Amino acid sequence: MSDPQHDSQHIAKHLKVYITVFVALLIGTVLTVAMYYQHFESVAVTVAIALIIATVKASLVAGFFMHLVSERKPIYAILLFTAFFFAGLMGLLIWSMHDNPDLTQSLQTAPPAAAAPAQHVP
């Protein structure tokens, strides 16, 4: 008896999906390289577009090559919690960016000038 998991039609279907994902990743790579040469008015727009392209490519790799598309709900729950805590930590980092303790120097100002080096006597 033939195994339905190894049937030629089943393999051809998966091969078609893998080739489609591979072509989509190639297109994403071409878009990423094109973003390097494209200059927008704002750096934020450039970064946002690059992050969207990277997120789509990472989703394709995780979903199809790592077989997360067919996984159960706990995998998605763990992924959701990870994204939630990552966003929270990044938000805390941005929120505390200008919060310096008293009696400390900010790194955003120029450091004090260094003293002149001592004369070297041989």
# chains A, B, ... in the order shown; residues from 1 in each chain; ligands from 1
>>> residues_around(residues="A:Ala34", least_positions_apart="4", cutoff="12 Å", atoms="only C-alpha atoms", output="mmCIF file with all heavy atoms, in the first residue's frame")
data_model
loop_
_atom_site.group_PDB
_atom_site.id
_atom_site.type_symbol
_atom_site.label_atom_id
_atom_site.label_comp_id
_atom_site.auth_asym_id
_atom_site.auth_seq_id
_atom_site.Cartn_x
_atom_site.Cartn_y
_atom_site.Cartn_z
ATOM 1 N N ILE A 27 11.929 37.920 -4.506
ATOM 2 C CA ILE A 27 11.363 39.242 -4.767
ATOM 3 C C ILE A 27 11.585 40.157 -3.561
ATOM 4 O O ILE A 27 11.936 41.334 -3.713
ATOM 5 C CB ILE A 27 9.867 39.127 -5.124
ATOM 6 C CG1 ILE A 27 9.708 38.438 -6.477
ATOM 7 C CG2 ILE A 27 9.191 40.491 -5.130
ATOM 8 C CD1 ILE A 27 8.288 38.063 -6.817
ATOM 9 N N GLY A 28 11.412 39.617 -2.356
ATOM 10 C CA GLY A 28 11.675 40.405 -1.153
ATOM 11 C C GLY A 28 13.122 40.833 -1.050
ATOM 12 O O GLY A 28 13.421 41.957 -0.621
ATOM 13 N N THR A 29 14.034 39.979 -1.458
ATOM 14 C CA THR A 29 15.450 40.334 -1.446
ATOM 15 C C THR A 29 15.751 41.428 -2.461
ATOM 16 O O THR A 29 16.504 42.371 -2.174
ATOM 17 C CB THR A 29 16.305 39.088 -1.727
ATOM 18 O OG1 THR A 29 16.005 38.091 -0.751
ATOM 19 C CG2 THR A 29 17.781 39.418 -1.686
ATOM 20 N N VAL A 30 15.154 41.332 -3.640
ATOM 21 C CA VAL A 30 15.331 42.378 -4.651
ATOM 22 C C VAL A 30 14.764 43.703 -4.124
ATOM 23 O O VAL A 30 15.378 44.765 -4.299
ATOM 24 C CB VAL A 30 14.668 41.968 -5.981
ATOM 25 C CG1 VAL A 30 14.589 43.131 -6.945
ATOM 26 C CG2 VAL A 30 15.411 40.804 -6.597
ATOM 27 N N GLN A 38 17.081 53.592 -2.939
ATOM 28 C CA GLN A 38 15.975 54.547 -2.944
ATOM 29 C C GLN A 38 16.092 55.466 -1.734
ATOM 30 O O GLN A 38 16.237 55.001 -0.616
ATOM 31 C CB GLN A 38 14.634 53.803 -2.910
ATOM 32 C CG GLN A 38 13.442 54.693 -2.971
ATOM 33 C CD GLN A 38 13.306 55.401 -4.302
ATOM 34 O OE1 GLN A 38 13.659 54.850 -5.335
ATOM 35 N NE2 GLN A 38 12.809 56.606 -4.275
ATOM 36 N N HIS A 39 16.010 56.778 -1.945
ATOM 37 C CA HIS A 39 16.122 57.746 -0.859
ATOM 38 C C HIS A 39 14.795 58.485 -0.709
ATOM 39 O O HIS A 39 14.327 59.147 -1.641
ATOM 40 C CB HIS A 39 17.249 58.737 -1.139
ATOM 41 C CG HIS A 39 18.584 58.071 -1.253
ATOM 42 N ND1 HIS A 39 19.247 57.561 -0.157
ATOM 43 C CD2 HIS A 39 19.364 57.801 -2.318
ATOM 44 C CE1 HIS A 39 20.378 57.025 -0.549
ATOM 45 N NE2 HIS A 39 20.474 57.146 -1.871
ATOM 46 N N THR A 46 11.842 55.211 5.266
ATOM 47 C CA THR A 46 12.740 54.184 4.747
ATOM 48 C C THR A 46 12.827 53.005 5.708
ATOM 49 O O THR A 46 12.745 51.838 5.296
ATOM 50 C CB THR A 46 14.138 54.774 4.503
ATOM 51 O OG1 THR A 46 14.018 55.901 3.650
ATOM 52 C CG2 THR A 46 15.055 53.758 3.867
ATOM 53 N N ILE A 49 9.477 50.970 5.733
ATOM 54 C CA ILE A 49 9.327 50.097 4.552
ATOM 55 C C ILE A 49 10.274 48.904 4.646
ATOM 56 O O ILE A 49 9.890 47.770 4.351
ATOM 57 C CB ILE A 49 9.552 50.904 3.260
ATOM 58 C CG1 ILE A 49 8.434 51.920 3.085
ATOM 59 C CG2 ILE A 49 9.615 49.978 2.048
ATOM 60 C CD1 ILE A 49 8.663 52.896 1.951
ATOM 61 N N ALA A 50 11.512 49.149 5.081
ATOM 62 C CA ALA A 50 12.466 48.045 5.217
ATOM 63 C C ALA A 50 11.999 47.041 6.275
ATOM 64 O O ALA A 50 12.142 45.825 6.089
ATOM 65 C CB ALA A 50 13.839 48.597 5.578
ATOM 66 N N ILE A 53 9.175 44.882 4.777
ATOM 67 C CA ILE A 53 9.728 43.856 3.884
ATOM 68 C C ILE A 53 10.369 42.735 4.697
ATOM 69 O O ILE A 53 10.163 41.546 4.420
ATOM 70 C CB ILE A 53 10.738 44.483 2.903
ATOM 71 C CG1 ILE A 53 10.031 45.439 1.947
ATOM 72 C CG2 ILE A 53 11.474 43.402 2.113
ATOM 73 C CD1 ILE A 53 10.978 46.275 1.110
#
>>> select_by_dssp(residues="stretch 13-79 of chain A", states="alpha helix (DSSP H)", output="PyMOL selection string")
chain A and resi 13-37+43-60+73-79
>>> atom_distance(atom1="atom CA of A:Val47", atom2="atom CA of A:Thr32")
11.0 Å
>>> closest_residue(among="A:Ala62, A:Pro101, A:Gly88, A:Leu31", to="A:Tyr76", atoms="only C-alpha atoms")
A:Ala62
>>> atom_distance(atom1="atom CA of A:Leu51", atom2="atom CA of A:Leu68")
20.9 Å
